[in-house]
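K.L.:
This is the content of data.txt (compact mmCIF, C-alpha atoms and all ligand atoms):
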```txt
# COMPACT_ATOMS: atom_id res chain seq x y z
CA MET A 9 0.60 -73.09 -34.63
CA GLY A 10 1.25 -73.88 -38.24
CA THR A 11 0.24 -75.60 -41.41
CA ALA A 12 1.75 -76.64 -44.70
CA VAL A 13 0.33 -74.61 -47.57
CA ASN A 14 0.34 -75.58 -51.22
CA THR A 15 0.56 -73.02 -54.03
CA ASP A 16 -1.77 -75.20 -56.14
CA TYR A 17 -4.68 -74.42 -53.79
CA LEU A 18 -3.95 -70.83 -52.71
CA PRO A 19 -6.07 -69.41 -55.56
CA GLU A 20 -9.10 -70.97 -53.82
CA LYS A 21 -10.45 -68.15 -51.65
CA LYS A 22 -11.75 -70.37 -48.81
CA TYR A 23 -8.44 -72.22 -48.60
CA GLU A 24 -6.42 -69.04 -48.47
CA ALA A 25 -8.75 -67.33 -45.99
CA LEU A 26 -8.89 -70.21 -43.51
CA ALA A 27 -5.12 -70.67 -43.51
CA ALA A 28 -4.62 -66.95 -42.92
CA GLN A 29 -7.27 -66.82 -40.21
CA GLN A 30 -6.36 -69.88 -38.17
CA TYR A 31 -2.56 -70.14 -38.31
CA ASN A 32 0.47 -68.03 -37.61
CA LEU A 33 3.14 -70.26 -39.12
CA VAL A 34 3.40 -71.61 -42.65
CA THR A 35 5.57 -74.13 -44.49
CA ALA A 36 5.52 -74.81 -48.22
CA GLU A 37 4.17 -78.30 -48.83
CA HIS A 38 6.22 -78.56 -52.01
CA SER A 39 7.60 -75.33 -53.47
CA CYS A 40 10.80 -74.85 -51.45
CA LYS A 41 12.29 -78.28 -52.16
CA MET A 42 15.30 -78.69 -54.41
CA ALA A 43 13.48 -79.89 -57.57
CA PRO A 44 11.14 -76.90 -57.85
CA LEU A 45 13.83 -74.44 -56.71
CA GLN A 46 16.61 -75.58 -59.04
CA PRO A 47 15.00 -77.37 -61.97
CA GLU A 48 18.11 -76.89 -64.09
CA GLN A 49 21.58 -76.92 -62.64
CA GLY A 50 22.51 -73.38 -61.63
CA LYS A 51 19.14 -71.96 -62.74
CA PHE A 52 16.94 -71.14 -59.79
CA ASN A 53 13.20 -70.54 -59.83
CA PHE A 54 12.11 -69.03 -56.53
CA THR A 55 8.56 -68.13 -57.65
CA GLY A 56 6.57 -70.80 -55.78
CA CYS A 57 8.65 -70.67 -52.62
CA ASP A 58 8.50 -66.85 -52.63
CA GLU A 59 4.72 -67.07 -52.92
CA ILE A 60 4.51 -69.19 -49.75
CA ARG A 61 7.05 -66.97 -47.96
CA ASP A 62 5.05 -63.84 -48.86
CA PHE A 63 1.80 -65.50 -47.83
CA ALA A 64 3.30 -66.43 -44.46
CA LEU A 65 4.89 -63.09 -43.74
CA THR A 66 2.38 -60.64 -45.19
CA LYS A 67 -1.06 -62.31 -45.39
CA VAL A 68 -0.81 -64.57 -42.36
CA LYS A 69 1.49 -62.06 -40.66
CA GLY A 70 3.22 -64.99 -39.06
CA ALA A 71 6.35 -67.06 -39.42
CA PHE A 72 7.73 -68.92 -42.42
CA ARG A 73 9.40 -72.32 -41.93
CA GLY A 74 11.74 -73.63 -44.64
CA HIS A 75 11.31 -77.20 -45.94
CA ASN A 76 13.73 -78.59 -47.13
CA LEU A 77 17.30 -78.21 -48.37
CA CYS A 78 18.23 -81.86 -48.91
CA TRP A 79 15.99 -84.91 -49.36
CA TRP A 80 16.19 -88.34 -50.97
CA GLN A 81 13.05 -87.38 -52.91
CA ASN A 82 12.17 -84.33 -54.95
CA TYR A 83 15.69 -83.51 -56.05
CA PRO A 84 16.07 -82.43 -59.69
CA ALA A 85 16.82 -85.15 -62.25
CA TRP A 86 20.15 -83.58 -63.22
CA VAL A 87 21.65 -84.50 -59.83
CA GLN A 88 21.54 -88.18 -60.77
CA SER A 89 24.15 -87.91 -63.50
CA LEU A 90 26.72 -86.06 -61.35
CA THR A 91 29.89 -87.65 -59.97
CA PRO A 92 30.16 -87.90 -56.17
CA MET A 93 32.41 -84.80 -56.05
CA GLU A 94 29.98 -82.89 -58.26
CA LYS A 95 27.05 -83.91 -56.04
CA ARG A 96 28.85 -82.58 -52.98
CA GLN A 97 29.46 -79.27 -54.77
CA ALA A 98 25.87 -79.15 -56.07
CA LEU A 99 24.56 -79.59 -52.53
CA ILE A 100 26.81 -76.80 -51.27
CA ASN A 101 25.83 -74.50 -54.14
CA HIS A 102 22.13 -75.16 -53.63
CA ILE A 103 22.25 -74.35 -49.93
CA ASN A 104 24.36 -71.24 -50.52
CA GLU A 105 21.94 -69.87 -53.12
CA VAL A 106 18.87 -70.59 -51.00
CA GLY A 107 20.60 -68.94 -48.04
CA LYS A 108 21.45 -65.90 -50.16
CA HIS A 109 17.88 -65.56 -51.43
CA TYR A 110 15.96 -66.17 -48.20
CA GLY A 111 18.35 -64.95 -45.51
CA SER A 112 16.34 -64.90 -42.29
CA ASP A 113 12.89 -64.94 -43.97
CA ALA A 114 12.37 -68.43 -42.56
CA PHE A 115 12.99 -68.75 -38.84
CA ALA A 116 14.05 -72.38 -39.36
CA TRP A 117 14.94 -74.76 -42.18
CA ASP A 118 14.77 -78.52 -42.41
CA VAL A 119 18.32 -78.88 -43.65
CA VAL A 120 18.18 -82.64 -44.15
CA ASN A 121 15.00 -84.66 -44.41
CA GLU A 122 14.66 -88.41 -43.79
CA ALA A 123 18.27 -89.59 -43.93
CA ILE A 124 17.74 -92.74 -41.88
CA SER A 125 17.01 -96.04 -43.56
CA ASP A 126 13.75 -97.96 -43.14
CA ASP A 127 15.78 -101.14 -43.57
CA SER A 128 16.74 -102.77 -40.29
CA ASN A 129 20.07 -103.92 -41.76
CA GLU A 130 21.50 -100.52 -42.58
CA THR A 131 21.38 -97.23 -40.74
CA MET A 132 21.66 -94.66 -43.52
CA ARG A 133 19.12 -94.49 -46.32
CA ARG A 134 20.66 -95.19 -49.72
CA SER A 135 19.83 -92.31 -51.99
CA VAL A 136 21.14 -89.96 -54.63
CA TRP A 137 23.24 -88.45 -51.84
CA TYR A 138 24.36 -91.53 -49.92
CA PRO A 139 26.79 -93.23 -50.06
CA ASP A 140 28.14 -91.03 -52.89
CA VAL A 141 28.55 -88.14 -50.48
CA LYS A 142 29.14 -90.12 -47.30
CA ASP A 143 29.21 -87.08 -45.03
CA TYR A 144 26.38 -85.22 -46.81
CA ILE A 145 24.52 -84.49 -43.58
CA ASP A 146 27.54 -82.77 -42.05
CA VAL A 147 28.21 -80.97 -45.34
CA ALA A 148 24.62 -79.74 -45.55
CA PHE A 149 24.44 -78.44 -41.99
CA THR A 150 27.90 -76.88 -42.02
CA THR A 151 27.11 -75.12 -45.29
CA ALA A 152 23.71 -73.98 -44.03
CA ARG A 153 25.24 -72.49 -40.90
CA LYS A 154 27.40 -70.22 -43.05
CA ALA A 155 24.77 -69.60 -45.75
CA PHE A 156 21.99 -68.38 -43.43
CA PRO A 157 22.10 -65.68 -40.75
CA ALA A 158 22.97 -67.01 -37.28
CA GLU A 159 19.39 -66.68 -35.97
CA VAL A 160 17.98 -69.15 -38.51
CA LYS A 161 17.52 -72.51 -36.80
CA LEU A 162 18.76 -75.63 -38.50
CA PHE A 163 16.69 -78.81 -38.23
CA TYR A 164 16.96 -82.49 -38.95
CA ASN A 165 13.47 -83.79 -39.90
CA GLU A 166 12.40 -87.46 -39.75
CA TYR A 167 9.43 -89.85 -39.86
CA VAL A 168 8.46 -93.29 -38.47
CA TYR A 169 9.76 -93.46 -34.91
CA GLN A 170 6.62 -92.84 -32.89
CA GLN A 171 4.83 -96.17 -32.64
CA THR A 172 6.48 -98.23 -29.93
CA SER A 173 4.60 -101.42 -30.88
CA LYS A 174 6.52 -101.48 -34.16
CA GLN A 175 10.08 -102.69 -34.21
CA LEU A 176 11.10 -100.43 -37.09
CA HIS A 177 9.82 -97.38 -35.24
CA ARG A 178 11.76 -98.30 -32.10
CA LEU A 179 14.88 -98.83 -34.17
CA LYS A 180 14.49 -95.58 -36.09
CA ALA A 181 13.89 -93.60 -32.90
CA GLU A 182 17.25 -94.78 -31.55
CA ARG A 183 18.98 -94.23 -34.88
CA MET A 184 17.60 -90.73 -34.98
CA TYR A 185 18.79 -89.94 -31.49
CA ASP A 186 22.23 -91.43 -32.26
CA LEU A 187 22.50 -89.49 -35.52
CA VAL A 188 21.75 -86.17 -33.85
CA ARG A 189 23.94 -86.98 -30.85
CA GLY A 190 26.76 -87.89 -33.22
CA MET A 191 26.39 -84.60 -35.06
CA MET A 192 26.63 -82.72 -31.79
CA ASP A 193 29.70 -84.72 -30.75
CA ARG A 194 31.33 -83.78 -34.06
CA LYS A 195 30.33 -80.13 -33.48
CA VAL A 196 28.13 -80.10 -36.56
CA PRO A 197 25.76 -77.14 -36.14
CA ILE A 198 22.18 -78.26 -35.43
CA ASP A 199 19.45 -76.48 -33.49
CA GLY A 200 16.63 -78.93 -33.49
CA VAL A 201 14.79 -82.01 -34.53
CA GLY A 202 11.62 -82.08 -36.63
CA LEU A 203 9.17 -84.85 -35.77
CA GLN A 204 6.95 -85.28 -38.80
CA MET A 205 4.12 -87.11 -36.98
CA HIS A 206 2.24 -88.71 -39.83
CA ILE A 207 0.27 -90.90 -37.49
CA PHE A 208 -2.80 -93.08 -37.55
CA TYR A 209 -6.13 -93.59 -35.74
CA ASP A 210 -4.59 -96.13 -33.33
CA PHE A 211 -1.81 -93.85 -32.04
CA ASP A 212 -1.42 -94.23 -28.28
CA ASP A 213 2.22 -93.44 -27.62
CA ALA A 214 1.97 -89.87 -26.35
CA VAL A 215 3.66 -90.77 -23.05
CA TRP A 216 6.58 -92.41 -24.83
CA LEU A 217 6.76 -89.50 -27.28
CA LYS A 218 7.03 -86.99 -24.47
CA ALA A 219 9.99 -88.88 -23.00
CA PHE A 220 11.58 -89.08 -26.47
CA MET A 221 11.26 -85.33 -26.92
CA GLU A 222 12.74 -84.74 -23.50
CA ARG A 223 15.88 -86.59 -24.57
CA PHE A 224 16.41 -83.94 -27.27
CA ASP A 225 15.57 -81.23 -24.77
CA ALA A 226 18.34 -82.61 -22.57
CA LEU A 227 20.75 -82.12 -25.49
CA GLY A 228 19.74 -78.45 -25.64
CA LEU A 229 17.83 -78.87 -28.92
CA GLU A 230 14.41 -77.64 -29.98
CA VAL A 231 11.75 -80.09 -31.12
CA HIS A 232 9.17 -79.19 -33.75
CA PHE A 233 6.06 -81.14 -34.76
CA THR A 234 6.43 -80.50 -38.46
CA GLU A 235 3.94 -82.56 -40.48
CA LEU A 236 1.24 -83.79 -38.13
CA ASP A 237 -1.80 -85.58 -39.50
CA VAL A 238 -3.96 -88.33 -37.96
CA SER A 239 -5.23 -90.64 -40.67
CA PHE A 240 -8.12 -93.06 -40.53
CA LYS A 241 -6.48 -95.66 -42.69
CA GLU A 242 -4.07 -98.50 -42.05
CA GLY A 243 -0.49 -97.37 -41.55
CA PRO A 244 2.26 -98.09 -44.06
CA ASP A 245 3.33 -101.20 -42.17
CA GLY A 246 -0.23 -102.23 -41.19
CA LYS A 247 -1.72 -105.43 -42.55
CA THR A 248 -3.66 -103.84 -45.40
CA PRO A 249 -1.69 -100.80 -46.52
CA GLY A 250 -3.88 -97.83 -47.23
CA LYS A 251 -7.22 -99.42 -46.26
CA ILE A 252 -9.61 -96.76 -44.95
CA VAL A 253 -11.07 -97.40 -41.48
CA PRO A 254 -14.27 -95.82 -40.06
CA PHE A 255 -13.76 -92.23 -38.98
CA ASP A 256 -14.08 -91.43 -35.28
CA ALA A 257 -14.06 -87.68 -34.63
CA GLN A 258 -13.68 -88.02 -30.87
CA ARG A 259 -10.76 -90.40 -31.12
CA GLN A 260 -9.02 -88.08 -33.55
CA ALA A 261 -9.75 -85.11 -31.29
CA ARG A 262 -8.19 -86.94 -28.33
CA ILE A 263 -5.04 -87.68 -30.29
CA TYR A 264 -4.66 -84.07 -31.43
CA ALA A 265 -5.35 -82.82 -27.89
CA ASP A 266 -2.87 -85.26 -26.33
CA LEU A 267 -0.17 -84.12 -28.73
CA MET A 268 -0.94 -80.49 -28.03
CA LYS A 269 -0.56 -81.24 -24.31
CA VAL A 270 2.74 -82.99 -24.90
CA CYS A 271 4.03 -80.03 -26.89
CA LEU A 272 3.03 -77.58 -24.16
CA GLU A 273 4.62 -79.75 -21.47
CA VAL A 274 7.98 -80.27 -23.14
CA ASN A 275 10.16 -77.21 -22.90
CA ALA A 276 11.87 -77.94 -26.22
CA CYS A 277 8.63 -78.09 -28.24
CA LYS A 278 8.27 -74.79 -30.10
CA ASN A 279 6.28 -75.68 -33.18
CA PHE A 280 2.94 -77.42 -33.66
CA GLU A 281 2.31 -77.81 -37.33
CA THR A 282 -0.05 -79.96 -39.40
CA TRP A 283 0.63 -81.10 -42.96
CA GLY A 284 -2.18 -79.12 -44.50
CA PHE A 285 -5.36 -78.19 -42.63
CA THR A 286 -8.34 -79.35 -44.69
CA ASP A 287 -9.26 -82.92 -45.58
CA LYS A 288 -10.00 -81.57 -49.04
CA TYR A 289 -6.29 -81.35 -49.79
CA THR A 290 -4.07 -83.88 -48.09
CA TRP A 291 -1.34 -86.20 -49.35
CA MET A 292 -3.10 -88.98 -47.37
CA GLY A 293 -6.27 -88.68 -49.47
CA THR A 294 -9.53 -86.99 -48.44
CA ASN A 295 -11.08 -90.29 -47.25
CA ALA A 296 -8.42 -90.72 -44.58
CA ARG A 297 -9.78 -87.48 -42.99
CA PRO A 298 -6.48 -86.71 -41.25
CA LEU A 299 -6.66 -82.94 -40.71
CA PRO A 300 -8.41 -80.59 -38.23
CA PHE A 301 -10.83 -79.09 -40.79
CA ASP A 302 -13.11 -81.20 -42.96
CA SER A 303 -13.28 -81.04 -46.74
CA ASP A 304 -15.91 -78.24 -46.51
CA TYR A 305 -13.50 -76.22 -44.35
CA GLN A 306 -15.59 -76.78 -41.21
CA PRO A 307 -13.77 -77.42 -37.92
CA LYS A 308 -13.81 -81.02 -36.73
CA ALA A 309 -13.84 -82.08 -33.08
CA ALA A 310 -10.04 -81.90 -33.14
CA VAL A 311 -10.15 -78.10 -33.41
CA GLY A 312 -12.25 -77.67 -30.26
CA ALA A 313 -10.15 -80.24 -28.40
CA MET A 314 -6.90 -78.42 -29.20
CA LEU A 315 -8.40 -75.06 -28.29
CA LYS A 316 -9.52 -76.53 -24.98
CA VAL A 317 -5.96 -77.58 -24.19
CA LEU A 318 -4.62 -74.20 -25.27
CA THR A 319 -7.04 -72.41 -22.99
CA ASN A 320 -6.39 -74.56 -19.94
CA GLY A 321 -9.39 -76.78 -20.26
CA GLN A 322 -12.02 -74.13 -20.90
CA ASP A 323 -14.64 -75.04 -23.45
CA LEU A 324 -14.78 -72.52 -26.26
CA GLN A 325 -17.49 -71.50 -28.65
CA GLU A 326 -17.13 -73.23 -31.99
CA THR A 327 -14.42 -71.42 -33.90
CA THR A 328 -15.58 -68.92 -36.51
CA VAL A 329 -15.19 -70.22 -40.02
CA VAL A 330 -15.11 -68.45 -43.35
O1 LIG B 401 2.46 -78.18 -58.52
C1 LIG B 401 2.24 -79.18 -59.52
C2 LIG B 401 1.00 -78.88 -60.29
O2 LIG B 401 1.14 -77.65 -60.96
C3 LIG B 401 0.74 -80.04 -61.26
O3 LIG B 401 -0.50 -79.81 -61.90
C4 LIG B 401 0.67 -81.36 -60.51
C5 LIG B 401 0.53 -82.55 -61.46
O4 LIG B 401 0.97 -83.75 -60.86
O5 LIG B 401 1.87 -81.54 -59.78
C6 LIG B 401 2.06 -80.52 -58.81
O6 LIG B 401 3.20 -80.80 -58.05
C7 LIG B 401 3.01 -81.77 -57.03
C8 LIG B 401 3.28 -81.12 -55.69
O7 LIG B 401 3.23 -82.10 -54.66
C9 LIG B 401 2.35 -79.97 -55.35
O8 LIG B 401 1.07 -80.42 -55.05
C10 LIG B 401 4.01 -82.88 -57.27
O9 LIG B 401 3.68 -83.57 -58.46
C11 LIG B 401 4.00 -83.86 -56.11
O10 LIG B 401 5.05 -84.80 -56.26
C12 LIG B 401 4.21 -83.11 -54.82
O11 LIG B 401 4.07 -84.05 -53.74
C13 LIG B 401 4.52 -83.62 -52.48
C14 LIG B 401 5.60 -84.59 -51.98
O12 LIG B 401 5.97 -84.28 -50.65
C15 LIG B 401 6.87 -84.48 -52.82
O13 LIG B 401 7.40 -83.16 -52.74
C16 LIG B 401 3.33 -83.65 -51.54
O14 LIG B 401 2.43 -82.60 -51.91
C17 LIG B 401 3.79 -83.39 -50.11
O15 LIG B 401 2.71 -83.60 -49.22
C18 LIG B 401 4.91 -84.36 -49.73
O16 LIG B 401 5.36 -83.99 -48.45
C19 LIG B 401 6.30 -84.87 -47.81
C20 LIG B 401 7.25 -84.01 -47.00
O17 LIG B 401 7.87 -83.07 -47.83
C21 LIG B 401 8.27 -84.86 -46.27
N1 LIG B 401 7.62 -85.86 -45.44
C22 LIG B 401 6.67 -86.72 -46.13
C23 LIG B 401 5.62 -85.88 -46.86
C24 LIG B 401 4.64 -86.77 -47.60
O18 LIG B 401 5.28 -87.47 -48.63
```
I need this file expressed as structure tokens, please.

P.N.:
Amino acid sequence: MGTAVNTDYLPEKKYEALAAQQYNLVTAEHSCKMAPLQPEQGKFNFTGCDEIRDFALTKVKGAFRGHNLCWWQNYPAWVQSLTPMEKRQALINHINEVGKHYGSDAFAWDVVNEAISDDSNETMRRSVWYPDVKDYIDVAFTTARKAFPAEVKLFYNEYVYQQTSKQLHRLKAERMYDLVRGMMDRKVPIDGVGLQMHIFYDFDDAVWLKAFMERFDALGLEVHFTELDVSFKEGPDGKTPGKIVPFDAQRQARIYADLMKVCLEVNACKNFETWGFTDKYTWMGTNARPLPFDSDYQPKAAVGAMLKVLTNGQDLQETTVV
């Protein structure tokens, strides 16, 4: 049961204490990405990522999950001016250095994040990596397999596939499955798929999602919920992007509980992680109220609903808060 943690907020005692008390798995919201890790070519700054690793392993006494080695965002500016061959080498060097520094500190890494296009006319997202390094996904995973100890699990992480009423989601779900299947056919090393799960108040596709996850299970892969949040605002392809809608604690609790049930029912699901834990600090904005704890660090209905699922339907006392 995990959360993303941000070094910007760790100095706040309540933030740090609640994360340490309630979770046993931590991912850096920002600090382990390529831009903060390698701000200048060949010059690494592991400070922020180390801080999250140490928090996860020593304060939380839990697991550390690595996010991410290669993304179309948050790469350092210097990558842009490289030739395609230099980009390929820079990607390899980055992964090798991160592997050397972290070894098996993280039990899993998102090796590539969001490689699939949101454009219905093309499959691969155009980015600093593609098409310059056409096979960058294979390069990244193959390099990671050698750079990290064998027990570290390698993940492909993606968003926007989970809402069956939306054509783009249906398309991306199939593209994602095909991408991963193709990697396995080519014997590219991959251990699992990260489902980000940035979802909205009207989510009602848990049954479909379960079947989708079972398809990866059938391939012998793990599935992780990596960035779950349930926002009370219109989705990115809703009619009024970003418009806040009235908060409904029970509806949100049901969605969190349904997803918890799905994760427990699917053999491949090994990770249930939200993208932050308090509405005070969320990339969606506090007013979207997407996370299990409110902006005063009090548990919302979602917390009790998830605990109920985890304890086979028994009602629990309200969870202790700091
Ligand atoms: O740490 C500095 C801080 O010192 C400075 O005062 C502040 C001024 O702007 O910037 C801070 O860095 C910000 C960082 O988050 C830490 O809070 C960066 O500007 C900001 O760009 C960065 O945004 C993160 C974004 O990814 C890009 O890395 C968001 O927090 C994070 O929620 C978001 O997470 C992504 C996942 O990695 C992938 N899936 C989608 C998700 C949402 O975009």

K.L.:
For a quick check of understanding, using all atoms listed in the file, which of A:Phe52, A:Trp80, A:Tyr185, A:Phe149 has the smallest distance to ligand LIG 401 (chain B)?

P.N.:
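Nearest to ligand LIG 401 (chain B): A:Trp80.
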
K.L.:
Would you mind listing what lies within 8 Å of Gly111 of chain A as a PyMOL selection string, with all atoms listed in the file counted and same-chain residues fewer than 4 positions away left out?

P.N.:
chain A and resi 106-107+155-157

K.L.:
Would you mind listing what lies within 7 Å of segment 54-68 of chain A as a list in words, with all atoms listed in the file counted and same-chain residues fewer than 3 positions away left out?

P.N.:
Thr15, Ala28, Asn32, Leu33, Val34, Ala36, Ser39, Cys40, Leu45, Ala71 and Phe72 of chain A

K.L.:
All residues within 9 Å of ligand LIG 401 (chain B) are required, counting all atoms listed in the file; please report them as a VMD selection string.

P.N.:
chain A and resid 12 14 to 17 36 to 39 41 43 to 44 56 75 to 76 79 81 to 83 121 to 122 165 to 167 204 206 234 to 235 283 to 284 290 to 292

K.L.:
Using only C-alpha atoms, which protein or nucleic acid residues come within 8 Å of Ala261 of chain A? Drop anything in the same chain fewer than 4 positions from it, and give the result as a list in words.

P.N.:
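The residues satisfying every condition are Ala257, Ala265, Lys308, Ala309, Ala310, Val311, Gly312, Ala313 and Met314 of chain A.
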
K.L.:
Write out as a PyMOL selection string each polymer residue whose atoms come within 8 Å of Ile198 of chain A, counting only C-alpha atoms; drop sequence neighbours fewer than 5 positions from it.

P.N.:
chain A and resi 149+161-164+191-192+229

K.L.:
Counting all atoms listed in the file, figure out which residue out of A:Tyr144, A:Phe220, A:Phe115, A:Trp137 gets nearest to Gln171 of chain A.

P.N.:
A:Phe220

K.L.:
Padding 6 Å on every side, please: axis-aligned box over the listed atoms of segment 27-44 of chain A, centre and edge lengths to one decimal in Å, as AutoDock Vina command-line options.

P.N.:
```
--center_x 4.0 --center_y -73.4 --center_z -47.7 --size_x 34.6 --size_y 25.1 --size_z 32.2
```

K.L.:
Restricting the calculation to only C-alpha atoms, which member of A:Asp143, A:Glu273, A:Glu182, A:Glu281 is positioned closest to Gly10 of chain A?

P.N.:
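Smallest distance to Gly10 of chain A is found for A:Glu281.
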
K.L.:
Name the residues in contact with Gly293 of chain A at a cut-off of 12 Å, using only C-alpha atoms, excluding same-chain residues fewer than 2 positions from it; report them as number ranges by chain.

P.N.:
A: 237-241, 250-252, 284, 286-291, 295-299, 303

K.L.:
In Å to one decimal, how far is atom CA of Asp266 of chain A from atom CA of Ala214 of chain A?

P.N.:
6.7 Å

K.L.:
Ranking A:Arg194, A:Arg133, A:His109, A:Lys180 by minimum distance to Asp146 of chain A and counting only C-alpha atoms, which one comes first?

P.N.:
A:Arg194

K.L.:
Point out the residue among A:Pro254, A:Gly200, A:Pro249, A:Gly321 with the least atom-to-atom distance to Asn279 of chain A, counting only C-alpha atoms.

P.N.:
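Residue with the minimum atom-to-atom distance to Asn279 of chain A: A:Gly200.
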
K.L.:
Please produce segment 185-192 of chain A, completed to all heavy atoms, as a compact mmCIF listing (two decimals), keeping the file's coordinate frame.

P.N.:
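Result saved to selection.txt:
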```txt
# COMPACT_ATOMS: atom_id res chain seq x y z
N TYR A 185 18.12 -90.54 -32.64
CA TYR A 185 18.79 -89.94 -31.49
C TYR A 185 20.31 -90.05 -31.67
O TYR A 185 21.04 -89.07 -31.49
CB TYR A 185 18.36 -90.65 -30.20
CG TYR A 185 19.01 -90.05 -28.98
CD1 TYR A 185 18.50 -88.89 -28.40
CD2 TYR A 185 20.17 -90.61 -28.43
CE1 TYR A 185 19.12 -88.31 -27.31
CE2 TYR A 185 20.79 -90.03 -27.34
CZ TYR A 185 20.26 -88.89 -26.78
OH TYR A 185 20.89 -88.30 -25.71
N ASP A 186 20.79 -91.23 -32.08
CA ASP A 186 22.23 -91.43 -32.26
C ASP A 186 22.80 -90.51 -33.34
O ASP A 186 23.90 -89.98 -33.20
CB ASP A 186 22.53 -92.89 -32.63
CG ASP A 186 22.26 -93.84 -31.47
OD1 ASP A 186 22.10 -93.35 -30.33
OD2 ASP A 186 22.19 -95.06 -31.72
N LEU A 187 22.04 -90.36 -34.42
CA LEU A 187 22.50 -89.49 -35.52
C LEU A 187 22.71 -88.06 -35.02
O LEU A 187 23.75 -87.44 -35.25
CB LEU A 187 21.47 -89.51 -36.65
CG LEU A 187 21.80 -88.60 -37.83
CD1 LEU A 187 22.48 -89.40 -38.94
CD2 LEU A 187 20.57 -87.94 -38.41
N VAL A 188 21.71 -87.56 -34.32
CA VAL A 188 21.75 -86.17 -33.85
C VAL A 188 22.85 -86.01 -32.79
O VAL A 188 23.62 -85.05 -32.81
CB VAL A 188 20.36 -85.77 -33.31
CG1 VAL A 188 20.41 -84.47 -32.57
CG2 VAL A 188 19.37 -85.70 -34.47
N ARG A 189 22.91 -86.98 -31.90
CA ARG A 189 23.94 -86.98 -30.85
C ARG A 189 25.33 -86.97 -31.48
O ARG A 189 26.23 -86.23 -31.07
CB ARG A 189 23.71 -88.24 -30.00
CG ARG A 189 24.56 -88.40 -28.78
CD ARG A 189 24.03 -87.52 -27.70
NE ARG A 189 25.18 -87.01 -26.95
CZ ARG A 189 25.37 -87.26 -25.69
NH1 ARG A 189 24.51 -87.97 -25.03
NH2 ARG A 189 26.42 -86.76 -25.07
N GLY A 190 25.48 -87.81 -32.51
CA GLY A 190 26.76 -87.89 -33.22
C GLY A 190 27.13 -86.57 -33.86
O GLY A 190 28.29 -86.13 -33.82
N MET A 191 26.13 -85.91 -34.44
CA MET A 191 26.39 -84.60 -35.06
C MET A 191 26.88 -83.62 -34.00
O MET A 191 27.82 -82.86 -34.22
CB MET A 191 25.10 -84.05 -35.70
CG MET A 191 24.71 -84.77 -36.97
SD MET A 191 23.06 -84.29 -37.52
CE MET A 191 23.35 -82.61 -38.03
N MET A 192 26.23 -83.65 -32.85
CA MET A 192 26.63 -82.72 -31.79
C MET A 192 28.04 -83.03 -31.30
O MET A 192 28.84 -82.13 -31.06
CB MET A 192 25.61 -82.76 -30.66
CG MET A 192 24.26 -82.28 -31.15
SD MET A 192 23.05 -82.19 -29.86
CE MET A 192 23.52 -80.65 -29.09
```
